[in-house]
$ cat coords_24.txt   # compact mmCIF, C-alpha atoms
# COMPACT_ATOMS: atom_id res chain seq x y z
CA MET A 1 -1.15 79.66 127.69
CA SER A 2 -4.58 80.74 126.44
CA ASP A 3 -4.91 83.10 123.47
CA ARG A 4 -5.98 85.82 125.83
CA GLU A 5 -2.93 85.32 128.06
CA GLU A 6 -0.69 85.20 124.98
CA PHE A 7 -2.12 88.49 123.77
CA TRP A 8 -1.52 90.28 127.05
CA SER A 9 1.93 88.72 127.46
CA ILE A 10 2.96 90.32 124.18
CA VAL A 11 1.50 93.68 125.16
CA LYS A 12 3.11 93.49 128.61
CA ARG A 13 6.53 92.56 127.21
CA LEU A 14 6.53 95.45 124.74
CA ASN A 15 5.11 97.83 127.31
CA GLY A 16 8.14 96.88 129.39
CA ASP A 17 10.33 98.27 126.59
CA VAL A 18 8.30 101.50 126.62
CA ASN A 19 8.73 101.84 130.40
CA ARG A 20 12.46 101.13 130.28
CA CYS A 21 12.93 103.87 127.67
CA LEU A 22 10.83 106.29 129.73
CA THR A 23 12.79 105.51 132.90
CA LYS A 24 16.09 106.12 131.07
CA LEU A 25 14.69 109.34 129.58
CA GLN A 26 13.59 110.65 132.96
CA ALA A 27 16.93 109.72 134.53
CA THR A 28 18.91 111.66 131.90
CA ALA A 29 19.78 115.28 132.61
CA ALA A 30 18.05 117.97 130.55
CA GLY A 31 20.08 119.18 127.58
CA ASP A 32 22.10 116.00 127.42
CA ALA A 33 22.41 114.46 123.92
CA GLU A 34 21.39 111.19 125.56
CA LYS A 35 18.00 112.75 126.23
CA ALA A 36 17.27 113.09 122.51
CA PHE A 37 18.36 109.49 122.00
CA TRP A 38 15.96 108.20 124.68
CA ARG A 39 13.12 110.32 123.34
CA ARG A 40 13.62 108.69 119.93
CA MET A 41 13.81 105.24 121.47
CA TYR A 42 10.72 105.88 123.58
CA ALA A 43 8.86 106.74 120.35
CA ARG A 44 10.27 103.64 118.64
CA ALA A 45 9.12 101.45 121.55
CA VAL A 46 5.61 103.00 121.63
CA PHE A 47 5.20 102.47 117.89
CA GLY A 48 6.51 98.90 118.22
CA LEU A 49 3.84 98.15 120.84
CA ILE A 50 1.07 99.70 118.74
CA ASP A 51 2.12 97.76 115.61
CA ALA A 52 2.34 94.44 117.44
CA ALA A 53 -0.97 94.93 119.28
CA ILE A 54 -2.82 95.84 116.07
CA HIS A 55 -1.34 92.79 114.44
CA GLN A 56 -2.22 90.54 117.38
CA MET A 57 -5.86 91.65 117.37
CA ALA A 58 -6.18 90.99 113.64
CA TRP A 59 -4.31 87.69 113.94
CA HIS A 60 -6.63 86.48 116.72
CA ALA A 61 -9.62 87.62 114.70
CA TYR A 62 -8.37 85.46 111.82
CA ILE A 63 -7.87 82.37 114.01
CA THR A 64 -11.11 82.77 115.96
CA ARG A 65 -13.13 83.41 112.79
CA LYS A 66 -12.45 79.81 111.77
CA LEU A 67 -13.95 78.58 115.04
CA THR A 68 -16.93 80.89 115.29
CA GLU A 69 -17.68 81.19 111.55
CA VAL A 70 -18.54 84.88 111.81
CA PRO A 71 -18.97 86.16 108.24
CA PHE A 72 -16.53 88.65 106.72
CA SER A 73 -16.64 90.32 103.31
CA PRO A 74 -14.14 89.05 100.68
CA ASP A 75 -12.06 92.22 101.13
CA GLU A 76 -11.99 91.84 104.90
CA LEU A 77 -11.08 88.18 104.58
CA ALA A 78 -8.26 88.97 102.17
CA ARG A 79 -6.94 91.51 104.66
CA LEU A 80 -7.05 88.99 107.50
CA GLU A 81 -5.37 86.34 105.37
CA THR A 82 -2.51 88.69 104.49
CA ILE A 83 -1.98 89.27 108.20
CA ALA A 84 -2.11 85.54 108.90
CA GLU A 85 0.49 84.80 106.23
CA ALA A 86 2.82 87.43 107.64
CA THR A 87 2.50 85.84 111.09
CA ALA A 88 2.92 82.26 109.95
CA ASP A 89 5.93 82.85 107.68
CA HIS A 90 7.50 85.74 109.56
CA MET A 91 7.68 87.33 106.15
CA ALA A 92 5.75 90.38 105.09
CA THR A 93 4.35 90.70 101.61
CA SER A 94 4.89 94.41 102.01
CA PRO A 95 6.07 96.67 104.83
CA PRO A 96 3.32 98.17 106.98
CA ASP A 97 1.91 101.26 105.35
CA THR A 98 2.42 103.73 108.17
CA SER A 99 -0.14 106.10 106.68
CA GLN A 100 -2.76 103.40 107.35
CA THR A 101 -2.21 102.96 111.10
CA LEU A 102 -5.59 104.40 112.11
CA ALA A 103 -7.49 102.36 109.52
CA ASP A 104 -5.59 99.22 110.55
CA MET A 105 -6.34 99.93 114.20
CA GLU A 106 -10.07 100.28 113.61
CA PHE A 107 -10.11 97.15 111.47
CA ALA A 108 -8.23 95.13 114.09
CA PHE A 109 -10.39 96.25 117.03
CA ASN A 110 -13.66 95.76 115.21
CA SER A 111 -12.68 92.39 113.66
CA PHE A 112 -11.55 91.07 117.03
CA ALA A 113 -14.84 92.16 118.62
CA ARG A 114 -16.95 90.66 115.84
CA VAL A 115 -15.45 87.18 116.03
CA HIS A 116 -16.18 87.20 119.76
CA PHE A 117 -19.82 88.19 119.17
CA SER A 118 -19.23 91.59 120.75
CA GLU A 119 -20.75 94.76 119.35
CA TYR A 120 -17.79 96.78 120.55
CA VAL A 121 -16.66 99.43 118.07
CA LEU A 122 -13.51 101.50 118.56
CA PRO A 123 -14.89 104.86 119.80
CA THR A 124 -13.35 107.17 117.23
CA ASN A 125 -15.90 109.83 118.23
CA ASP A 126 -14.28 110.03 121.68
CA PRO A 127 -12.65 113.46 122.15
CA ALA A 128 -9.42 111.65 123.12
CA TRP A 129 -9.28 110.05 119.66
CA VAL A 130 -7.34 113.16 118.59
CA LEU A 131 -4.48 111.88 120.77
CA VAL A 132 -4.38 108.66 118.78
CA GLN A 133 -4.60 110.58 115.51
CA ALA A 134 -1.65 112.72 116.60
CA THR A 135 0.25 109.60 117.72
CA ALA A 136 -0.37 107.98 114.33
CA ALA A 137 0.81 111.13 112.54
CA LEU A 138 4.05 111.09 114.54
CA LYS A 139 4.40 107.37 113.86
CA HIS A 140 4.13 107.97 110.12
CA LEU A 141 6.76 110.72 110.24
CA PHE A 142 9.09 108.55 112.29
CA GLN A 143 8.73 105.10 110.72
CA ASP A 144 8.31 105.73 107.01
CA PRO A 145 11.81 105.71 105.48
CA ARG A 146 10.59 108.26 102.93
CA GLN A 147 10.06 110.85 105.66
CA VAL A 148 13.34 112.68 105.91
CA ARG A 149 12.50 115.27 108.55
CA GLY A 150 10.67 113.35 111.21
CA LEU A 151 13.34 111.74 113.36
CA ALA A 152 13.61 114.38 116.06
CA VAL A 153 11.21 113.72 118.95
CA ARG A 154 10.41 116.69 121.18
CA ASP A 155 9.56 116.64 124.89
CA GLU A 156 5.93 117.50 124.15
CA ASP A 157 5.80 114.58 121.69
CA VAL A 158 6.76 112.23 124.53
CA GLY A 159 3.79 113.43 126.60
CA LEU A 160 1.47 113.09 123.64
CA LEU A 161 2.69 109.57 122.82
CA GLY A 162 2.22 108.52 126.44
CA LYS A 163 -1.38 109.73 126.48
CA GLY A 164 -2.12 108.24 123.04
CA LEU A 165 -0.71 104.87 124.11
CA GLN A 166 -2.65 104.93 127.37
CA TRP A 167 -5.94 105.54 125.53
CA PHE A 168 -5.11 102.75 123.06
CA VAL A 169 -4.35 100.22 125.83
CA GLU A 170 -7.43 101.22 127.82
CA ARG A 171 -9.60 100.62 124.76
CA MET A 172 -8.04 97.17 124.32
CA VAL A 173 -9.02 96.39 127.90
CA ASP A 174 -12.58 97.66 127.30
CA MET A 175 -12.85 95.69 124.08
CA GLN A 176 -11.65 92.47 125.64
CA LYS A 177 -14.03 92.87 128.58
CA SER A 178 -16.84 93.35 126.11
CA CYS A 179 -15.77 90.24 124.20
CA TYR A 180 -15.54 88.21 127.39
CA GLN A 181 -19.05 89.23 128.40
CA ALA A 182 -20.41 88.55 124.91
CA MET A 183 -18.88 85.08 124.91
CA LEU A 184 -20.31 84.36 128.38
CA ASP A 185 -23.73 85.49 127.20
CA LYS A 186 -23.44 83.22 124.20
CA ASP A 187 -21.97 80.39 126.27
CA GLU A 188 -19.04 80.07 123.81
CA LEU A 189 -16.05 81.09 125.87
CA VAL A 190 -13.04 80.19 123.73
CA MET A 191 -10.84 83.25 124.36
CA MET B 1 9.18 116.12 115.43
CA THR B 2 9.14 118.82 112.80
CA ASP B 3 6.05 119.42 110.75
CA ASP B 4 7.36 121.42 107.84
CA THR B 5 4.85 121.80 105.03
CA ASP B 6 7.51 122.81 102.48
CA ASP B 7 8.01 119.76 100.26
CA THR B 8 11.35 120.95 98.86
CA VAL B 9 14.13 118.88 100.38
CA SER B 10 17.81 119.08 99.49
CA LEU B 11 19.99 116.00 99.12
CA LYS B 12 21.88 117.20 102.19
CA GLU B 13 18.64 117.14 104.19
CA ILE B 14 17.71 113.76 102.78
CA TRP B 15 20.95 112.24 104.05
CA GLY B 16 20.90 114.30 107.27
CA ALA B 17 18.99 111.68 109.26
CA ILE B 18 21.46 108.88 108.57
CA PRO B 19 24.29 109.92 110.94
CA MET B 20 21.70 110.14 113.73
CA LEU B 21 20.38 106.66 112.95
CA SER B 22 23.91 105.24 112.79
CA ASP B 23 24.75 106.91 116.12
CA ASP B 24 21.66 105.32 117.62
CA VAL B 25 23.00 101.88 116.67
CA GLN B 26 26.33 102.74 118.32
CA ARG B 27 24.55 103.95 121.44
CA TRP B 28 22.69 100.66 121.76
CA LEU B 29 26.01 98.86 121.73
CA ILE B 30 27.15 101.10 124.60
CA VAL B 31 23.88 100.47 126.47
CA MET B 32 24.51 96.76 125.94
CA ASP B 33 27.95 97.07 127.55
CA GLU B 34 26.39 98.92 130.51
CA THR B 35 23.69 96.28 131.06
CA PRO B 36 24.53 94.27 134.19
CA GLU B 37 25.54 90.70 133.55
CA GLY B 38 22.68 88.33 134.32
CA ASP B 39 19.99 90.94 133.60
CA ALA B 40 18.23 88.77 131.02
CA GLU B 41 15.25 91.12 130.61
CA GLY B 42 17.57 94.08 130.19
CA GLU B 43 19.57 92.28 127.51
CA GLU B 44 16.42 91.23 125.69
CA PHE B 45 15.21 94.83 125.70
CA VAL B 46 18.49 96.06 124.22
CA TYR B 47 18.48 93.33 121.56
CA ARG B 48 14.94 94.23 120.47
CA MET B 49 15.64 97.95 120.34
CA LEU B 50 18.95 97.43 118.52
CA LEU B 51 17.13 95.31 115.95
CA ARG B 52 14.47 97.99 115.39
CA THR B 53 17.16 100.67 115.04
CA ALA B 54 19.36 98.57 112.72
CA VAL B 55 16.42 97.94 110.38
CA ALA B 56 15.63 101.66 110.37
CA VAL B 57 19.24 102.34 109.31
CA ILE B 58 19.16 99.74 106.51
CA GLU B 59 15.76 100.83 105.22
CA GLY B 60 16.61 104.50 105.57
CA ILE B 61 19.88 104.27 103.64
CA THR B 62 18.46 101.93 101.00
CA PHE B 63 15.58 104.29 100.34
CA ARG B 64 17.89 107.31 100.07
CA VAL B 65 20.25 105.43 97.75
CA VAL B 66 17.32 104.79 95.38
CA LEU B 67 16.05 108.33 95.74
CA GLN B 68 19.42 109.85 94.86
CA ALA B 69 19.84 107.38 91.99
CA SER B 70 16.49 108.53 90.59
CA VAL B 71 17.43 112.21 90.85
CA VAL B 72 20.96 111.87 89.44
CA GLY B 73 20.09 109.19 86.88
CA SER B 74 17.07 110.94 85.41
CA ALA B 75 19.04 114.17 85.07
CA GLN B 76 21.37 112.32 82.68
CA ARG B 77 18.91 109.94 81.02
CA PRO B 78 15.17 110.69 80.78
CA ASP B 79 14.35 106.97 80.68
CA PHE B 80 16.48 106.10 83.72
CA ILE B 81 13.55 105.66 86.10
CA SER B 82 11.40 103.65 83.71
CA GLN B 83 14.31 101.51 82.54
CA GLU B 84 16.22 100.95 85.76
CA LEU B 85 14.19 101.81 88.84
CA ALA B 86 10.56 101.08 88.04
CA LYS B 87 11.21 97.36 88.30
CA PHE B 88 11.41 97.70 92.05
CA TYR B 89 9.95 100.99 93.16
CA GLU B 90 6.78 102.85 92.44
CA PHE B 91 7.31 106.49 91.53
CA ASP B 92 4.95 109.40 91.85
CA GLU B 93 4.24 111.91 89.09
CA ASN B 94 7.31 113.94 90.10
CA GLY B 95 9.61 110.97 89.64
CA ILE B 96 10.10 110.53 93.38
CA ALA B 97 10.20 107.02 94.81
CA ALA B 98 6.76 106.56 96.37
CA ALA B 99 6.69 102.98 97.58
CA PRO B 100 9.52 101.37 99.53
CA PRO B 101 10.68 97.87 98.67
CA GLU B 102 9.08 94.81 100.20
CA ARG B 103 10.57 94.01 103.58
CA SER B 104 10.66 90.31 102.74
CA GLY B 105 13.20 91.17 100.06
CA MET B 106 15.44 93.48 102.07
CA LEU B 107 18.59 92.01 100.58
CA GLU B 108 17.27 92.29 97.06
CA ALA B 109 16.27 95.87 97.75
CA ILE B 110 19.84 96.62 98.84
CA ARG B 111 21.32 94.95 95.78
CA PHE B 112 18.93 96.75 93.49
CA GLY B 113 19.38 100.14 95.16
CA PHE B 114 23.18 99.92 95.14
CA HIS B 115 23.20 98.82 91.50
CA ALA B 116 20.90 101.71 90.51
CA TYR B 117 23.03 104.21 92.45
CA ALA B 118 26.19 102.91 90.78
CA GLN B 119 24.61 103.14 87.33
CA ALA B 120 23.40 106.67 87.97
CA HIS B 121 26.95 107.65 88.91
CA ASP B 122 28.61 105.81 85.99
CA SER B 123 30.24 103.29 88.28
CA ASP B 124 30.50 99.54 87.77
CA TYR B 125 30.25 98.91 91.52
CA SER B 126 28.69 95.58 92.42
CA LEU B 127 27.96 93.92 95.76
CA GLY B 128 29.82 90.90 94.46
CA THR B 129 28.87 87.28 94.84
CA PRO B 130 26.58 86.00 97.58
CA ASP B 131 28.28 85.13 100.85
CA ASP B 132 27.32 84.42 104.48
CA ASN B 133 26.66 88.11 105.12
CA TRP B 134 23.83 88.13 102.59
CA GLU B 135 22.00 85.48 104.60
CA VAL B 136 22.47 87.56 107.74
CA ILE B 137 20.57 90.45 106.13
CA ASP B 138 17.68 88.12 105.35
CA ASP B 139 17.79 86.83 108.94
CA ILE B 140 17.61 90.39 110.25
CA ALA B 141 14.56 91.10 108.06
CA GLY B 142 12.88 87.92 109.38
CA LEU B 143 13.67 88.75 113.02
CA HIS B 144 12.27 92.23 112.61
CA GLN B 145 9.12 90.88 111.03
CA GLN B 146 8.62 88.73 114.15
CA LEU B 147 8.62 91.89 116.27
CA VAL B 148 6.16 93.68 114.00
CA ALA B 149 3.86 90.68 113.53
CA PRO B 150 4.28 88.40 116.55
CA GLY B 151 2.16 85.27 116.66
CA ARG B 152 3.38 84.22 120.12
CA VAL B 153 5.23 85.95 122.92
CA GLU B 154 8.32 83.87 122.06
CA ASP B 155 8.50 85.73 118.74
CA LEU B 156 9.60 88.80 120.71
CA VAL B 157 12.70 87.08 122.02
CA VAL B 158 15.88 88.22 120.31
CA THR B 159 18.75 86.03 121.47
CA GLU B 160 22.45 86.72 121.98
CA GLU B 161 23.07 84.72 118.81
CA ASP B 162 20.65 87.04 116.97
CA PHE B 163 22.44 90.02 118.50
CA VAL B 164 25.71 88.81 116.97
CA LYS B 165 23.98 88.47 113.60
CA ILE B 166 22.47 91.96 113.83
CA SER B 167 25.83 93.50 114.72
CA ARG B 168 27.53 91.64 111.88
CA GLY B 169 24.78 92.48 109.40
CA ILE B 170 24.68 96.19 110.12
CA GLY B 171 28.48 96.34 110.05
CA TRP B 172 28.56 94.60 106.68
CA PHE B 173 25.84 96.84 105.28
CA LEU B 174 27.51 100.10 106.39
CA LYS B 175 30.87 98.93 105.02
CA ARG B 176 29.31 98.15 101.63
CA TRP B 177 27.52 101.49 101.61
CA HIS B 178 30.73 103.41 102.30
CA GLU B 179 32.38 101.36 99.56
CA LEU B 180 29.59 102.33 97.17
CA LEU B 181 29.99 106.03 97.96
CA PHE B 182 33.75 105.84 97.55
CA LYS B 183 33.60 103.97 94.22
CA CYS B 184 30.94 106.28 92.84
CA GLY B 185 32.87 109.35 93.91
CA HIS B 186 35.91 107.89 92.18
CA ALA B 187 33.89 107.15 89.02
CA LEU B 188 32.58 110.71 89.01
CA ILE B 189 36.11 112.14 89.10
CA GLU B 190 37.19 109.86 86.25
CA THR B 191 34.25 110.69 83.98
CA THR B 192 34.00 114.43 84.62
CA PRO B 193 35.75 116.35 81.81
CA LEU B 194 38.36 118.86 82.87
CA GLN B 195 37.10 122.43 82.83
CA GLY B 196 39.15 125.54 82.19
CA PRO B 197 42.59 125.98 80.70
CA VAL B 198 44.75 122.86 80.49
CA MET B 199 48.23 123.45 81.80
$ encode --input "coords_24.txt" --output "structure tokens"
Amino acid sequence: MSDREEFWSIVKRLNGDVNRCLTKLQATAAGDAEKAFWRRMYARAVFGLIDAAIHQMAWHAYITRKLTEVPFSPDELARLETIAEATADHMATSPPDTSQTLADMEFAFNSFARVHFSEYVLPTNDPAWVLVQATAALKHLFQDPRQVRGLAVRDEDVGLLGKGLQWFVERMVDMQKSCYQAMLDKDELVM
Amino acid sequence: MTDDTDDTVSLKEIWGAIPMLSDDVQRWLIVMDETPEGDAEGEEFVYRMLLRTAVAVIEGITFRVVLQASVVGSAQRPDFISQELAKFYEFDENGIAAAPPERSGMLEAIRFGFHAYAQAHDSDYSLGTPDDNWEVIDDIAGLHQQLVAPGRVEDLVVTEEDFVKISRGIGWFLKRWHELLFKCGHALIETTPLQGPVM
């Protein structure tokens, strides 16, 4: 399996979890306590996909950097190495800082693009970026064990998370297309 | 999700999320029972989600144990945080735990948190000597890390054997936590002087 196929297999598998939770949520009658459970699990699955995809992009950037020798600053390199260690050992040096999701996302997208000679930059000036900002805010409330009031997920949150996730996945597709084209142009297709 | 800007939170509120998280673990066990036999993808989905939920329970309770220890302990001893808790947690200027423990040391975080809670409540409760269950907690932390930071698609596979470990680990953890609460409640009764007229 190529790196590219591996990447999308992971996204597809975790997106399957998101869809299963959504199907269960939609099949549960309104007002049922089960509904609240499936809303929470839908959120948990969405955040799981986002975390894994961010990690995958940064992990591939780390591996590919060795092949393409694209320069990174010492700070950027240290960040990539921390991610690589977490992947190799299945041990984290620290839990993900959920307040840093947006910064991690930008770093992962842009690092991945750079090592594939693409000039793609995550379009944070897109009006729909607010959806991702809102998704990240909900993620922080939900995942950080210090947040004591954020576990209830409302119906409107489900809609927001769906739109935020869709934008995120669409940008991954755009970014990978851009990388593919850049590698073709450079005649260094190693994805 | 609520977006309350009032930072004042009671201990009751702090612990309020835990029954919901514990119920979520129970619900996943029910969903597991309802999953048709032979539905490998369905089982894998349940295993992954149960793992995520179980880790949320362990991290959530461990954090709250430390938080309550800091509140109760510092009320009795001004140096309680600097002497007992600062080894493991970072605290903000208000003495509130600001940084959770490292996930790689989930077991150590539990041991530390339970010890601090016991000390703050004048109890000599201890988790005891290491046994097989301790390794299961470390396994759970490792499995969860694979979901958060997968290198390959195989890292997302949580097996039936893992499922047994997760069930055993969360059961062990909740039992020890209830034990801690019981022992500390008992210690509190023993050390609290009688008030009012003695018959």
$ atom_distance --input "coords_24.txt" --atom1 "CA of Lys24 (chain A)" --atom2 "CA of Arg27 (chain B)"
13.0 Å
$ closest_residue --input "coords_24.txt" --among "B:Asp79, B:Glu135, B:Asp124, B:Glu13" --to "chain A" --atoms "only C-alpha atoms"
B:Glu13
$ residues_near_point --input "coords_24.txt" --point "(17.4, 106.9, 90.5)" --cutoff "7 Å" --atoms "all atoms listed in the file" --output "number ranges by chain"
B: 66-74, 80-81, 85, 116-117, 120
$ atom_distance --input "coords_24.txt" --atom1 "CA of Arg52 (chain B)" --atom2 "CA of Arg39 (chain A)"
14.7 Å
$ closest_residue --input "coords_24.txt" --among "B:Ala118, B:Val157, B:Ala75, B:Leu29" --to "chain A" --atoms "all atoms listed in the file"
B:Val157
$ residues_around --input "coords_24.txt" --residues "region 2-15 of chain A" --least-positions-apart "4" --cutoff "10 Å" --atoms "all atoms listed in the file" --output "PyMOL selection string"
(chain A and resi 19-21+45-50+52-53+56-57+60+63-64+165+169+172-173+176+180+190-191) or (chain B and resi 41+45+48+147+150-157)
$ closest_residue --input "coords_24.txt" --among "A:Thr124, A:Ser111, A:Gln181, A:Thr82" --to "chain B" --atoms "all atoms listed in the file"
A:Thr82
$ atom_distance --input "coords_24.txt" --atom1 "CA of Phe117 (chain A)" --atom2 "CA of Ile54 (chain A)"
18.9 Å
$ closest_residue --input "coords_24.txt" --among "B:Met106, B:Leu127, B:Gly142, B:Phe63" --to "His178 (chain B)" --atoms "only C-alpha atoms"
B:Leu127
$ closest_residue --input "coords_24.txt" --among "B:Gly16, B:Gly128, B:Pro36, B:Gly171" --to "chain A" --atoms "all atoms listed in the file"
B:Gly16
